[in-house]
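Q: Here you go, one structure.
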Amino acid sequence: MIHVEKFTFNPFQENTYILYDQSKECVIIDPGCFDKNEEQLVSDFVALNELKVVKLFNTHAHIDHILGNAFVKARYGVDLYGYSSEFPMLDLANRSAKMYQIPYTESPPIDVTKKEGDKFSFGNSTLEIIYVPGHAPDHLVLFHPQQKLLIGGDVLFNGSIGRTDLPGGEHDLLIKNTQEKIFTLPDETIVYSGHGPETKVGIERRTNPFF
Ligand SMILES: [Zn+2]
């Protein structure tokens with residue numbers, strides 16, 4: 001049984017997730033913690049629940065989702081899993097941090113590249129990786145078929161979709177991919193988005209105004 005813990009971090013109100021199961025192993029997904037207080041919230045949660053952090057995962061490279069990469073890597077010594085290493089993530093993130101004037105310790109490079117159809121495992125749990133570009137050029141989401149949960153990054157939000165006006169964004173591609181790869185998941189799948197509250201696939205397929 002996977003437990004999902006959500007933190008909402010940084011000026012962009014980004015959702016950072018910690019997933020853990022009975023094994024007490026956990027993974028940190030899109031760590032947006034950007035100051036000492038937010039970093040402390042992560043390490044306190046891990047320590048209080050006696051968890052062992054085994055992996056770090058990024059759904060995509062936008063600055064609000066990777067602000068805490070360097071912290072997690074340094075604190076727990078884990079590998080960073082993510083999208084294609086071809087994407088010039090560090091360069092873009094550095095420029096974004098300067099533009100938004102937010103403190104940013106440069107992210108370490110991707111250690112393990114993941115693609116469509118790969119698995120992502122920790123403890124007793126295995127999630128499936130789905131490739132859903134559109135909001136970002138190389139966007140991955142994680143689906144757990146047994147529990148019907150989706151860690152969806154910035155693809156689909158409660159009543160909305162990810163913006164497509166950032167470099168590499170493509171509106172039509174986002175719509176098509178969401179329809180073909182997300183809306184085909186079971187209706188009761190809970191979507192844990194990169195921003196805002198949870199929703200369900202069936203609710204969004206029926207009511208989301210962008211479709
Ligand atoms: Zn994003």
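The chains in the structure tokens are called A, B, ... from first to last as shown; in each chain the residues are counted from 1, and the ligands are counted from 1 in the order shown.
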Within 9 Å of Leu19 in chain A, counting only C-alpha atoms, which residues show up once you throw out same-chain ones fewer than 4 positions away? Write them as a VMD selection string, please.

A: chain A and resid 2 to 6 25 to 29 122

Q: Would you kindly return, as a list in words, each protein, DNA or RNA residue with an atom no farther than 12 Å from any atom of Ile175 in chain A, considering only C-alpha atoms and excluding same-chain residues fewer than 6 positions away?

A: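 Those residues are Val132, Pro133, Gly134, His135, Val155, Leu156, Ser160, Ile161, Gly162, Arg163, Thr164, Gly169, Lys181, Ile182, Phe183, Arg205, Asn208, Pro209, Phe210 and Phe211 of chain A.
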
Q: Restricting the calculation to only C-alpha atoms and all ligand atoms: of A:Asn158, A:Asp165, A:Glu38, A:Asp187, which residue gets closest to ligand 1?

A: A:Asp165

Q: Looking at A:Gln179, A:Asn49, A:Thr189, A:Asn69, which one is nearest to Ile110 in chain A, with distances taken over only C-alpha atoms?

A: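 Comparing A:Gln179, A:Asn49, A:Thr189, A:Asn69 against Ile110 in chain A, the winner is A:Asn69.
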
Q: Please tabulate, as JSON lines, the residues of chain A that come within 12 Å of ligand 1, each with its closest pair of atoms and the distance in Å to one decimal, counting only C-alpha atoms and all ligand atoms and ordering rows by chain, then residue number upward.

A:
{"residue": "A:Phe12", "atom": "CA", "partner": "ligand 1", "partner_atom_place_in_ligand_line": "1 (Zn)", "distance": 10.0}
{"residue": "A:Gln13", "atom": "CA", "partner": "ligand 1", "partner_atom_place_in_ligand_line": "1 (Zn)", "distance": 11.5}
{"residue": "A:Glu14", "atom": "CA", "partner": "ligand 1", "partner_atom_place_in_ligand_line": "1 (Zn)", "distance": 9.0}
{"residue": "A:Asn15", "atom": "CA", "partner": "ligand 1", "partner_atom_place_in_ligand_line": "1 (Zn)", "distance": 10.9}
{"residue": "A:Asp30", "atom": "CA", "partner": "ligand 1", "partner_atom_place_in_ligand_line": "1 (Zn)", "distance": 10.1}
{"residue": "A:Gly32", "atom": "CA", "partner": "ligand 1", "partner_atom_place_in_ligand_line": "1 (Zn)", "distance": 11.3}
{"residue": "A:Asn58", "atom": "CA", "partner": "ligand 1", "partner_atom_place_in_ligand_line": "1 (Zn)", "distance": 10.5}
{"residue": "A:Thr59", "atom": "CA", "partner": "ligand 1", "partner_atom_place_in_ligand_line": "1 (Zn)", "distance": 8.6}
{"residue": "A:His60", "atom": "CA", "partner": "ligand 1", "partner_atom_place_in_ligand_line": "1 (Zn)", "distance": 6.7}
{"residue": "A:Ala61", "atom": "CA", "partner": "ligand 1", "partner_atom_place_in_ligand_line": "1 (Zn)", "distance": 7.2}
{"residue": "A:His62", "atom": "CA", "partner": "ligand 1", "partner_atom_place_in_ligand_line": "1 (Zn)", "distance": 4.9}
{"residue": "A:Ile63", "atom": "CA", "partner": "ligand 1", "partner_atom_place_in_ligand_line": "1 (Zn)", "distance": 7.7}
{"residue": "A:Asp64", "atom": "CA", "partner": "ligand 1", "partner_atom_place_in_ligand_line": "1 (Zn)", "distance": 7.2}
{"residue": "A:His65", "atom": "CA", "partner": "ligand 1", "partner_atom_place_in_ligand_line": "1 (Zn)", "distance": 7.0}
{"residue": "A:Ile66", "atom": "CA", "partner": "ligand 1", "partner_atom_place_in_ligand_line": "1 (Zn)", "distance": 9.9}
{"residue": "A:Ala93", "atom": "CA", "partner": "ligand 1", "partner_atom_place_in_ligand_line": "1 (Zn)", "distance": 11.2}
{"residue": "A:Ser96", "atom": "CA", "partner": "ligand 1", "partner_atom_place_in_ligand_line": "1 (Zn)", "distance": 11.7}
{"residue": "A:Pro133", "atom": "CA", "partner": "ligand 1", "partner_atom_place_in_ligand_line": "1 (Zn)", "distance": 10.9}
{"residue": "A:Gly134", "atom": "CA", "partner": "ligand 1", "partner_atom_place_in_ligand_line": "1 (Zn)", "distance": 10.2}
{"residue": "A:His135", "atom": "CA", "partner": "ligand 1", "partner_atom_place_in_ligand_line": "1 (Zn)", "distance": 6.6}
{"residue": "A:Ala136", "atom": "CA", "partner": "ligand 1", "partner_atom_place_in_ligand_line": "1 (Zn)", "distance": 6.5}
{"residue": "A:Pro137", "atom": "CA", "partner": "ligand 1", "partner_atom_place_in_ligand_line": "1 (Zn)", "distance": 10.2}
{"residue": "A:Asp138", "atom": "CA", "partner": "ligand 1", "partner_atom_place_in_ligand_line": "1 (Zn)", "distance": 10.6}
{"residue": "A:His139", "atom": "CA", "partner": "ligand 1", "partner_atom_place_in_ligand_line": "1 (Zn)", "distance": 8.7}
{"residue": "A:Leu140", "atom": "CA", "partner": "ligand 1", "partner_atom_place_in_ligand_line": "1 (Zn)", "distance": 11.1}
{"residue": "A:Gly152", "atom": "CA", "partner": "ligand 1", "partner_atom_place_in_ligand_line": "1 (Zn)", "distance": 10.7}
{"residue": "A:Gly153", "atom": "CA", "partner": "ligand 1", "partner_atom_place_in_ligand_line": "1 (Zn)", "distance": 7.2}
{"residue": "A:Asp154", "atom": "CA", "partner": "ligand 1", "partner_atom_place_in_ligand_line": "1 (Zn)", "distance": 5.1}
{"residue": "A:Val155", "atom": "CA", "partner": "ligand 1", "partner_atom_place_in_ligand_line": "1 (Zn)", "distance": 8.1}
{"residue": "A:Leu156", "atom": "CA", "partner": "ligand 1", "partner_atom_place_in_ligand_line": "1 (Zn)", "distance": 10.7}
{"residue": "A:Phe157", "atom": "CA", "partner": "ligand 1", "partner_atom_place_in_ligand_line": "1 (Zn)", "distance": 11.5}
{"residue": "A:Ile161", "atom": "CA", "partner": "ligand 1", "partner_atom_place_in_ligand_line": "1 (Zn)", "distance": 10.5}
{"residue": "A:Gly162", "atom": "CA", "partner": "ligand 1", "partner_atom_place_in_ligand_line": "1 (Zn)", "distance": 6.9}
{"residue": "A:Arg163", "atom": "CA", "partner": "ligand 1", "partner_atom_place_in_ligand_line": "1 (Zn)", "distance": 7.6}
{"residue": "A:Thr164", "atom": "CA", "partner": "ligand 1", "partner_atom_place_in_ligand_line": "1 (Zn)", "distance": 9.0}
{"residue": "A:Asp165", "atom": "CA", "partner": "ligand 1", "partner_atom_place_in_ligand_line": "1 (Zn)", "distance": 10.5}
{"residue": "A:Leu166", "atom": "CA", "partner": "ligand 1", "partner_atom_place_in_ligand_line": "1 (Zn)", "distance": 8.5}
{"residue": "A:Pro167", "atom": "CA", "partner": "ligand 1", "partner_atom_place_in_ligand_line": "1 (Zn)", "distance": 10.5}
{"residue": "A:Gly168", "atom": "CA", "partner": "ligand 1", "partner_atom_place_in_ligand_line": "1 (Zn)", "distance": 10.9}
{"residue": "A:Gly169", "atom": "CA", "partner": "ligand 1", "partner_atom_place_in_ligand_line": "1 (Zn)", "distance": 9.6}
{"residue": "A:Ser193", "atom": "CA", "partner": "ligand 1", "partner_atom_place_in_ligand_line": "1 (Zn)", "distance": 10.5}
{"residue": "A:Gly194", "atom": "CA", "partner": "ligand 1", "partner_atom_place_in_ligand_line": "1 (Zn)", "distance": 7.6}
{"residue": "A:His195", "atom": "CA", "partner": "ligand 1", "partner_atom_place_in_ligand_line": "1 (Zn)", "distance": 9.1}

Q: Report the residues of range 93-202 of chain A whose backbone DSSP state falls under alpha helix (DSSP H), written as a list in words.

A: Ala93, Asn94, Arg95, Ser96, Ala97, Lys98, Met99, Tyr100, His171, Asp172, Leu173, Leu174, Ile175, Lys176, Asn177, Val201 and Gly202 of chain A

Q: As an exercise, work out the distance from CA of Thr113 in chain A to CA of Phe71 in chain A in Å and give it to one decimal place.

A: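 Result for CA of Thr113 in chain A versus CA of Phe71 in chain A: 19.9 Å, one decimal.
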
Q: Using only C-alpha atoms, can you tell me which of A:Arg95, A:Lys52, A:Lys73, A:His144 comes closest to Met1 in chain A?

A: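 Closest to Met1 in chain A, using only C-alpha atoms: A:His144.
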
Q: Enter the distance from CA of Ala70 in chain A to CA of Thr105 in chain A, in Å, rounded to one decimal.

A: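 Between these atoms lies a distance of 6.2 Å.
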
Q: My list of candidates is A:Ala97, A:Val78, A:Ile151, A:Val141. Which is closest to Ile18 in chain A when distances are computed with only C-alpha atoms?

A: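 For Ile18 in chain A, the nearest of the given residues is A:Ile151.
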
Q: Here is a test: counting only C-alpha atoms, which residue of A:Leu56, A:Leu150, A:Val191, A:Leu51 is nearest to Gly123 in chain A?

A: A:Leu51

Q: Identify all residues of chain A in strand (DSSP E) (DSSP on the backbone) and supply them as JSON, numbers by chain.

A: {"A": [3, 4, 5, 6, 7, 8, 9, 14, 15, 16, 17, 18, 19, 20, 25, 26, 27, 28, 29, 52, 53, 54, 55, 56, 57, 79, 80, 81, 82, 112, 113, 119, 120, 121, 122, 125, 126, 127, 128, 129, 130, 131, 140, 141, 142, 143, 144, 149, 150, 151, 152, 153, 156, 157, 160, 161, 190, 191, 192, 193, 199, 200]}

Q: Select, from A:Leu149, A:Leu48, A:Tyr131, A:Leu67, the residue with the minimum atom-to-atom distance to Leu173 in chain A, counting only C-alpha atoms.

A: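 Of A:Leu149, A:Leu48, A:Tyr131, A:Leu67, the one nearest Leu173 in chain A, counting only C-alpha atoms, is A:Tyr131.
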
Q: What does the distance from CA of Asn177 in chain A to CA of Glu116 in chain A come to in Å, to one decimal?

A: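 So the two atoms, CA of Asn177 in chain A and CA of Glu116 in chain A, lie 12.3 Å apart.
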